[in-house]
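Participant: Have a peek at final.tsv (TSV, C-alpha atoms and all ligand atoms).
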chain	number	residue	atom	x	y	z
A	15	MET	CA	104.74	126.52	144.60
A	16	LYS	CA	106.57	128.45	147.33
A	17	VAL	CA	104.55	131.59	148.02
A	18	ASP	CA	105.01	134.53	150.40
A	19	LEU	CA	102.49	137.36	150.21
A	20	HIS	CA	103.52	139.62	153.08
A	21	CYS	CA	106.88	141.30	153.75
A	22	HIS	CA	108.48	144.68	154.39
A	23	SER	CA	111.35	146.72	152.97
A	24	THR	CA	113.13	149.89	154.11
A	25	ILE	CA	110.29	151.80	152.43
A	26	SER	CA	108.38	151.06	155.66
A	27	ASP	CA	109.81	149.23	158.67
A	28	GLY	CA	111.81	146.44	157.05
A	29	LEU	CA	115.60	146.24	157.18
A	30	LEU	CA	116.37	145.42	153.52
A	31	PRO	CA	115.86	147.70	150.48
A	32	PRO	CA	113.20	146.35	148.07
A	33	ALA	CA	115.65	144.89	145.55
A	34	GLU	CA	117.65	143.10	148.26
A	35	LEU	CA	114.45	141.72	149.72
A	36	VAL	CA	113.50	140.25	146.34
A	37	ARG	CA	116.97	138.74	145.91
A	38	ARG	CA	116.75	137.16	149.36
A	39	ALA	CA	113.33	135.73	148.47
A	40	ALA	CA	114.79	134.28	145.26
A	41	ALA	CA	117.69	132.75	147.18
A	42	ASN	CA	115.18	131.18	149.58
A	43	GLY	CA	113.34	129.58	146.67
A	44	VAL	CA	110.25	131.83	146.76
A	45	GLU	CA	108.47	131.64	143.41
A	46	LEU	CA	105.65	134.11	144.07
A	47	LEU	CA	106.25	137.13	146.29
A	48	CYS	CA	104.15	140.12	147.26
A	49	LEU	CA	105.83	143.21	148.77
A	50	THR	CA	103.45	144.78	151.30
A	51	ASP	CA	105.03	147.84	152.88
A	52	HIS	CA	102.91	149.70	155.42
A	53	ASP	CA	100.78	152.42	153.80
A	54	GLU	CA	103.30	152.88	150.93
A	55	LEU	CA	103.72	151.82	147.30
A	56	SER	CA	107.04	153.45	146.50
A	57	GLY	CA	109.16	150.30	146.87
A	58	LEU	CA	107.27	148.39	144.21
A	59	ALA	CA	109.14	149.70	141.15
A	60	ASP	CA	112.59	148.67	142.46
A	61	ALA	CA	111.16	145.36	143.62
A	62	ALA	CA	109.68	144.71	140.15
A	63	ARG	CA	113.05	145.32	138.46
A	64	ALA	CA	114.81	142.94	140.84
A	65	ALA	CA	112.05	140.38	140.34
A	66	GLN	CA	112.60	140.43	136.57
A	67	GLN	CA	116.33	139.89	137.08
A	68	THR	CA	115.90	137.00	139.50
A	69	GLY	CA	112.87	135.30	137.93
A	70	VAL	CA	110.68	135.70	141.03
A	71	ARG	CA	107.05	136.44	140.21
A	72	LEU	CA	106.11	139.61	142.04
A	73	LEU	CA	102.65	140.84	142.96
A	74	SER	CA	102.23	144.47	143.98
A	75	GLY	CA	100.90	144.87	147.49
A	76	VAL	CA	100.41	147.10	150.49
A	77	GLU	CA	99.55	146.67	154.17
A	78	ILE	CA	97.04	149.32	155.20
A	79	SER	CA	96.70	150.48	158.80
A	80	VAL	CA	93.03	150.51	159.81
A	81	THR	CA	91.09	151.56	162.89
A	82	TRP	CA	88.05	149.35	163.41
A	83	ARG	CA	86.04	150.20	166.55
A	84	ASP	CA	89.12	151.54	168.40
A	85	THR	CA	91.27	148.53	167.46
A	86	THR	CA	94.17	148.78	165.02
A	87	ILE	CA	93.86	146.15	162.31
A	88	HIS	CA	96.07	145.56	159.27
A	89	ILE	CA	94.57	144.84	155.87
A	90	VAL	CA	96.84	143.60	153.12
A	91	GLY	CA	96.04	144.41	149.50
A	92	VAL	CA	97.43	141.74	147.15
A	93	GLY	CA	97.73	142.28	143.41
A	94	ILE	CA	96.88	145.96	143.38
A	95	ASP	CA	97.69	148.29	140.50
A	96	PRO	CA	100.61	150.37	141.85
A	97	GLY	CA	99.54	153.28	139.62
A	98	ASP	CA	96.03	153.56	141.03
A	99	ALA	CA	95.42	157.22	141.89
A	100	GLN	CA	92.70	156.71	144.51
A	101	LEU	CA	94.80	154.18	146.42
A	102	ALA	CA	97.84	156.48	146.29
A	103	ALA	CA	95.82	159.43	147.60
A	104	GLY	CA	94.25	157.36	150.35
A	105	LEU	CA	97.62	156.04	151.50
A	106	ALA	CA	99.11	159.54	151.45
A	107	HIS	CA	96.40	160.56	153.87
A	108	VAL	CA	97.02	157.55	156.13
A	109	ARG	CA	100.74	158.34	156.18
A	110	SER	CA	100.22	162.00	156.95
A	111	GLY	CA	99.54	161.42	160.66
A	112	ARG	CA	102.75	159.48	161.34
A	113	GLN	CA	105.12	162.38	162.01
A	114	ALA	CA	102.85	164.01	164.59
A	115	ARG	CA	102.24	160.62	166.18
A	116	ALA	CA	105.99	160.03	166.42
A	117	VAL	CA	106.40	163.38	168.18
A	118	ARG	CA	103.74	162.34	170.71
A	119	MET	CA	105.40	158.97	171.20
A	120	ALA	CA	108.72	160.71	171.87
A	121	GLN	CA	107.00	163.00	174.39
A	122	ALA	CA	105.49	160.00	176.14
A	123	LEU	CA	108.89	158.28	176.33
A	124	ASP	CA	110.53	161.52	177.48
A	125	ALA	CA	108.09	161.59	180.40
A	126	ILE	CA	109.45	158.26	181.63
A	127	GLY	CA	113.06	159.36	181.28
A	128	ILE	CA	113.91	158.14	177.76
A	129	HIS	CA	115.12	161.24	175.98
A	130	GLY	CA	115.84	161.96	172.33
A	131	ALA	CA	113.60	159.20	171.00
A	132	PHE	CA	112.23	161.16	168.04
A	133	GLU	CA	115.70	161.84	166.63
A	134	GLY	CA	116.77	158.32	167.57
A	135	ALA	CA	113.85	156.66	165.79
A	136	ALA	CA	114.17	158.99	162.81
A	137	ARG	CA	117.69	157.66	162.20
A	138	TYR	CA	116.17	154.21	161.64
A	139	ALA	CA	113.36	155.43	159.40
A	140	ARG	CA	114.84	155.50	155.89
A	141	ASN	CA	111.50	156.85	154.73
A	142	PRO	CA	110.62	159.72	157.12
A	143	ALA	CA	106.95	159.63	156.05
A	144	LEU	CA	106.72	156.08	157.37
A	145	ILE	CA	108.23	156.54	160.82
A	146	GLY	CA	106.60	154.04	163.16
A	147	ARG	CA	106.89	151.96	166.28
A	148	THR	CA	109.46	149.55	164.85
A	149	HIS	CA	111.91	152.44	164.36
A	150	PHE	CA	111.36	153.48	167.98
A	151	ALA	CA	111.89	149.88	169.04
A	152	ARG	CA	115.25	149.71	167.24
A	153	PHE	CA	116.34	152.94	168.91
A	154	LEU	CA	115.28	151.66	172.35
A	155	VAL	CA	117.28	148.47	171.81
A	156	GLU	CA	120.27	150.62	170.80
A	157	ARG	CA	119.83	152.57	174.05
A	158	GLY	CA	119.88	149.31	175.95
A	159	VAL	CA	116.47	149.70	177.60
A	160	SER	CA	115.48	146.20	176.37
A	161	ALA	CA	117.36	143.32	174.82
A	162	ASP	CA	115.40	143.02	171.59
A	163	VAL	CA	112.60	144.50	169.53
A	164	ARG	CA	110.03	142.01	170.83
A	165	SER	CA	110.63	142.82	174.51
A	166	VAL	CA	110.69	146.56	173.76
A	167	PHE	CA	107.19	146.22	172.34
A	168	GLU	CA	106.01	144.29	175.38
A	169	ARG	CA	107.39	146.83	177.82
A	170	TYR	CA	107.05	150.19	176.03
A	171	LEU	CA	105.26	150.21	172.70
A	172	ALA	CA	102.33	147.79	172.75
A	173	TYR	CA	98.78	148.99	173.43
A	174	GLY	CA	98.53	150.40	176.94
A	175	LYS	CA	102.30	150.68	177.51
A	176	PRO	CA	104.01	154.01	178.32
A	177	GLY	CA	105.19	154.78	174.77
A	178	TYR	CA	101.89	153.88	173.13
A	179	VAL	CA	99.76	156.71	171.79
A	180	PRO	CA	96.33	156.08	170.28
A	181	HIS	CA	96.04	156.92	166.60
A	182	GLN	CA	93.25	157.07	164.02
A	183	TRP	CA	94.11	155.20	160.81
A	184	ALA	CA	91.95	154.51	157.72
A	185	SER	CA	88.46	153.07	158.15
A	186	LEU	CA	87.93	149.41	157.22
A	187	GLU	CA	85.54	150.53	154.52
A	188	GLN	CA	88.10	152.86	152.95
A	189	ALA	CA	90.94	150.33	153.02
A	190	VAL	CA	88.90	147.54	151.43
A	191	GLN	CA	87.39	149.87	148.86
A	192	TRP	CA	90.77	151.33	147.82
A	193	ILE	CA	92.22	147.84	147.41
A	194	VAL	CA	89.28	146.44	145.46
A	195	ALA	CA	89.06	149.51	143.20
A	196	ALA	CA	92.80	149.10	142.49
A	197	GLY	CA	92.15	145.54	141.28
A	198	GLY	CA	93.50	143.80	144.37
A	199	VAL	CA	92.24	141.28	146.89
A	200	ALA	CA	91.77	142.57	150.45
A	201	VAL	CA	93.23	140.14	152.99
A	202	ILE	CA	93.09	140.23	156.80
A	203	ALA	CA	96.70	140.35	158.02
A	204	HIS	CA	97.78	138.10	160.94
A	205	PRO	CA	94.27	137.67	162.44
A	206	GLY	CA	95.77	136.02	165.53
A	207	ARG	CA	97.39	139.29	166.59
A	208	TYR	CA	94.35	141.37	167.48
A	209	ARG	CA	92.92	142.02	170.91
A	210	LEU	CA	89.32	141.14	170.07
A	211	SER	CA	86.82	139.01	171.95
A	212	THR	CA	85.31	136.04	170.13
A	213	ARG	CA	82.18	138.07	169.57
A	214	GLU	CA	84.04	141.12	168.23
A	215	ARG	CA	86.16	138.89	166.02
A	216	ARG	CA	83.05	137.40	164.46
A	217	ARG	CA	81.62	140.85	163.94
A	218	PHE	CA	84.89	141.99	162.34
A	219	PHE	CA	84.94	139.07	159.87
A	220	GLU	CA	81.35	139.84	158.91
A	221	ASP	CA	82.02	143.56	158.44
A	222	PHE	CA	85.12	142.81	156.38
A	223	GLN	CA	83.22	140.40	154.16
A	224	ASP	CA	80.23	142.72	153.76
A	225	LEU	CA	82.59	145.50	152.64
A	226	GLY	CA	84.15	143.31	149.94
A	227	GLY	CA	87.04	141.70	151.82
A	228	ARG	CA	87.88	138.26	150.41
A	229	GLY	CA	90.98	136.85	152.04
A	230	ILE	CA	92.64	135.95	155.32
A	231	GLU	CA	96.19	135.05	156.31
A	232	VAL	CA	96.03	131.47	157.55
A	233	MET	CA	99.71	130.51	157.46
A	234	SER	CA	101.47	133.50	159.02
A	235	GLY	CA	104.83	134.15	160.63
A	236	ALA	CA	102.79	135.73	163.43
A	237	HIS	CA	100.78	132.53	164.08
A	238	ASN	CA	101.59	129.42	166.07
A	239	ALA	CA	100.37	126.02	164.83
A	240	ASN	CA	97.08	126.30	166.73
A	241	GLN	CA	96.36	129.70	165.25
A	242	CYS	CA	97.08	128.39	161.74
A	243	ARG	CA	94.47	125.68	162.34
A	244	GLU	CA	92.02	128.14	163.86
A	245	TYR	CA	92.19	130.57	160.92
A	246	ALA	CA	91.98	127.71	158.43
A	247	ARG	CA	88.61	126.96	160.08
A	248	VAL	CA	87.65	130.63	159.84
A	249	ALA	CA	88.54	130.63	156.13
A	250	ARG	CA	86.32	127.56	155.58
A	251	HIS	CA	83.47	129.03	157.60
A	252	TYR	CA	83.36	132.37	155.78
A	253	GLY	CA	84.55	131.12	152.40
A	254	PHE	CA	87.61	133.37	152.56
A	255	ALA	CA	90.56	132.75	150.26
A	256	ALA	CA	93.67	131.87	152.26
A	257	SER	CA	97.13	133.43	152.26
A	258	CYS	CA	100.69	132.42	153.16
A	259	ALA	CA	102.53	135.30	154.79
A	260	SER	CA	105.89	135.50	156.56
A	261	ASP	CA	105.51	139.19	157.54
A	262	PHE	CA	109.31	139.26	157.24
A	263	HIS	CA	110.93	142.52	158.42
A	264	GLY	CA	114.59	141.61	158.42
A	265	PRO	CA	117.32	139.09	159.14
A	266	GLY	CA	117.98	138.74	162.85
A	267	GLU	CA	114.69	140.46	163.71
A	268	SER	CA	112.02	138.22	162.18
A	269	GLU	CA	111.75	134.61	163.29
A	270	THR	CA	110.19	133.57	159.99
A	271	ASP	CA	112.34	134.20	156.93
A	272	LEU	CA	110.98	134.96	153.46
A	273	GLY	CA	109.25	131.82	152.19
A	274	GLY	CA	109.64	130.20	155.60
A	275	ILE	CA	105.96	129.45	156.17
A	276	GLN	CA	104.25	126.10	155.82
A	277	PRO	CA	102.00	125.51	152.77
A	278	LEU	CA	98.23	125.98	153.02
A	279	PRO	CA	95.96	123.06	153.88
A	280	GLU	CA	94.99	121.55	150.52
A	281	ASP	CA	91.26	122.20	150.75
A	282	LEU	CA	91.64	125.98	151.08
A	283	ARG	CA	91.41	128.28	148.08
A	284	PRO	CA	94.67	130.26	147.73
A	285	VAL	CA	94.41	134.05	147.53
A	286	TRP	CA	96.79	134.03	144.55
A	287	LYS	CA	94.73	131.58	142.47
A	288	ASP	CA	92.97	134.27	140.46
A	289	LEU	CA	95.92	136.68	140.40
A	290	VAL	CA	98.61	134.72	138.56
B	301	LIG	P1	103.02	151.11	163.59
B	301	LIG	O1	102.40	150.97	162.23
B	301	LIG	O2	103.96	152.29	163.66
B	301	LIG	O3	102.02	151.09	164.71
B	301	LIG	O4	103.97	149.85	163.79
B	301	LIG	C1	103.42	148.58	163.65
B	301	LIG	C2	104.57	147.60	163.45
B	301	LIG	O5	105.20	147.35	164.69
B	301	LIG	C3	104.12	146.25	162.98
B	301	LIG	O6	103.97	146.22	161.59
B	301	LIG	C4	105.25	145.36	163.41
B	301	LIG	O7	106.32	145.49	162.49
B	301	LIG	C5	105.69	146.02	164.70
B	301	LIG	N1	105.10	145.35	165.89
B	301	LIG	C6	103.88	145.52	166.42
B	301	LIG	N2	103.72	144.77	167.53
B	301	LIG	C7	104.89	144.10	167.69
B	301	LIG	C8	105.38	143.16	168.66
B	301	LIG	N3	104.62	142.78	169.69
B	301	LIG	N4	106.63	142.68	168.50
B	301	LIG	C9	107.41	143.08	167.47
B	301	LIG	N5	107.01	143.97	166.54
B	301	LIG	C10	105.77	144.46	166.64
B	302	MN	MN	105.84	146.30	160.44
B	303	MN	MN	100.91	143.99	160.35
B	304	MN	MN	103.39	143.35	158.06
Written as structure tokens, that's how I'd like the structure from this file.
Ligand code: AMP
Ligand code: MN
Ligand code: MN
Ligand code: MN
Facilitator:
Amino acid sequence: MKVDLHCHSTISDGLLPPAELVRRAAANGVELLCLTDHDELSGLADAARAAQQTGVRLLSGVEISVTWRDTTIHIVGVGIDPGDAQLAAGLAHVRSGRQARAVRMAQALDAIGIHGAFEGAARYARNPALIGRTHFARFLVERGVSADVRSVFERYLAYGKPGYVPHQWASLEQAVQWIVAAGGVAVIAHPGRYRLSTRERRRFFEDFQDLGGRGIEVMSGAHNANQCREYARVARHYGFAASCASDFHGPGESETDLGGIQPLPEDLRPVWKDLV
């Protein structure tokens, strides 16, 4: 079965509206899809309608921004109830800091001679509550300061770069608890992406598991082949369920298309096994 449990629509920082995203997944042969917009559930209804029309099986999801010991980590919730009130309230709180953060990012960019970034980024944020770094990156590419989104991040928006401002997201405990209480499985998104030492990484996996986290993205659009093997080993070691996740944001921007990830190693337990 072709599975993709991580992607973004215009409800957060993706380029396609939810229904178009689902149609693209269907065209790519995806049989089981999970829409995981950042800190937002409001794309799920449109996605569900399109899924019914195209015959794609859709799981409701979300990617929650978390601060764990000063590091930003993303936790995906797969198979959540989109009507869960506690999850909705928690996400509303997580979203609430984004506008002020965007203002501070624009100020930081202004200080290095890039003016008008707030308004510029806002034009790319279809959902103003979800304005984020990707929208700034698209504006900076438009301005010609870098050739593409990836190099903009490396030069301006990644941790420690001039346009980066620290931000406090949800706690790991909150994110996992909201997901589990909403009937979902909490999954570590793209574990290869984080700036953690081996020791911190181990500590993070233990904390996540102790708090009720059950899954990890093994096959990810953000991982190279070595990282896929490494996180397969981590899944075996901790007994985590494993996920397949393109983290698709849009055509021309994401290297890995919807459904474009390799299948899981056969011995791993798939995250979706108990959800479909
Ligand atoms: P934010 O939640 O506003 O901090 O934005 C995080 C988003 O920025 C991620 O979900 C990715 O879509 C994007 N992003 C982060 N780092 C990079 C990178 N190095 N290259 C491209 N996109 C990135
Ligand atoms: Mn994103
Ligand atoms: Mn992410
Ligand atoms: Mn993502």
Participant: Mind listing the residues within 10 Å of ligand MN 304 (chain B), all atoms listed in the file counted, as an MDAnalysis selection string?
Facilitator: chainID A and resid 19:22 26:28 49:52 76:79 88:90 203:204 235:236 259:263
Participant: Have a look at A:Gly198, A:Gly206, A:Pro180, A:Gly43 and name the one nearest to ligand MN 303 (chain B); count only C-alpha atoms and all ligand atoms.
Facilitator: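 Closest residue, counting only C-alpha atoms and all ligand atoms: A:Gly206.
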Participant: In Å to one decimal, how far is CA of Thr24 in chain A from CA of Leu186 in chain A?
Facilitator: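 Computing it gives 25.4 Å between the two atoms.
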Participant: Suppose you want the space between atom O2 of ligand LIG 301 (chain B) and CA of Gln188 in chain A; what is it in Å?
Facilitator: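 Atom-to-atom, atom O2 of ligand LIG 301 (chain B) to CA of Gln188 in chain A, that is 19.1 Å.
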Participant: Please report the interatomic distance between CA of His181 in chain A and CA of Arg157 in chain A in Å with one decimal.
Facilitator: 25.3 Å
Participant: Rank A:Met15, A:Ala122, A:Ala116, A:Ala184 by their smallest atom-to-atom distance to Pro284 in chain A, using all atoms listed in the file, and report the top residue only.
Facilitator: A:Met15
Participant: Which residues sit within 6 Å of ligand LIG 301 (chain B), counting all atoms listed in the file, listed as a PyMOL selection string?
Facilitator: chain A and resi 146-148+163-164+167
Participant: When you count all atoms listed in the file, which of these residues is closest to ligand MN 302 (chain B): A:Met119, A:Ile126, A:Ala139, A:Ala99?
Facilitator: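 Closest residue, counting all atoms listed in the file: A:Ala139.
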Participant: Give the padded box for range 246-255 of chain A as JSON: axis-aligned, covering all atoms listed in the file, 4 Å on each side, centre and edge lengths in Å to one decimal.
Facilitator:
{"center_x": 87.7, "center_y": 130.2, "center_z": 155.2, "size_x": 16.6, "size_y": 14.4, "size_z": 17.8}
Participant: Would you please work out which residue, of A:Val179, A:Leu144, A:Val17, A:Leu58, is nearest to ligand MN 302 (chain B) when using all atoms listed in the file?
Facilitator: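 Under the stated criterion, the closest residue is A:Leu144.
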Participant: Which one is closest to Ala195 in chain A: A:Leu101, A:Ile275, A:Ala249, A:Ala33? Count all atoms listed in the file.
Facilitator: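 Residue with the minimum atom-to-atom distance to Ala195 in chain A: A:Leu101.
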Participant: So, with all atoms listed in the file as the atoms that count, which of A:Ala196, A:Ile94, A:Ile25, A:Leu289 lies closest to ligand MN 302 (chain B)?
Facilitator: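 Of A:Ala196, A:Ile94, A:Ile25, A:Leu289, the one nearest ligand MN 302 (chain B), counting all atoms listed in the file, is A:Ile25.
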Participant: What's the 7 Å shell around Gln113 in chain A, counting only C-alpha atoms, without same-chain residues fewer than 2 positions away, as a PyMOL selection string?
Facilitator: chain A and resi 111+115-117+143+145
Participant: List every protein, DNA or RNA residue that has an atom no more than 12 Å from (90.6, 129.3, 158.4) in the file's coordinate frame, counting all atoms listed in the file, and report them as an MDAnalysis selection string.
Facilitator: chainID A and resid 202 204:206 219 229:234 240:258 278:284
Participant: At a cut-off of 12 Å, using all atoms listed in the file, what residues contact Gln67 in chain A? Leave out same-chain residues fewer than 4 positions from it and give the result as a list in words.
Facilitator: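 Non-adjacent residues within range: Ala33, Glu34, Val36, Arg37, Ala40, Asp60, Ala61, Ala62, Arg63, Arg71 and Leu72 of chain A.
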Participant: Could you name the residues that touch Thr86 in chain A at 8 Å or less, counting all atoms listed in the file, but leaving out those on the same chain fewer than 5 positions away, as a list in words?
Facilitator: Ser79, Val80, Thr81, Trp183 and Tyr208 of chain A
Participant: Mind checking which residues fall within 7 Å of Val70 in chain A, counting all atoms listed in the file, ignoring those fewer than 5 positions away in the same chain, and posting them as a PyMOL selection string?
Facilitator: chain A and resi 40+44-46+65
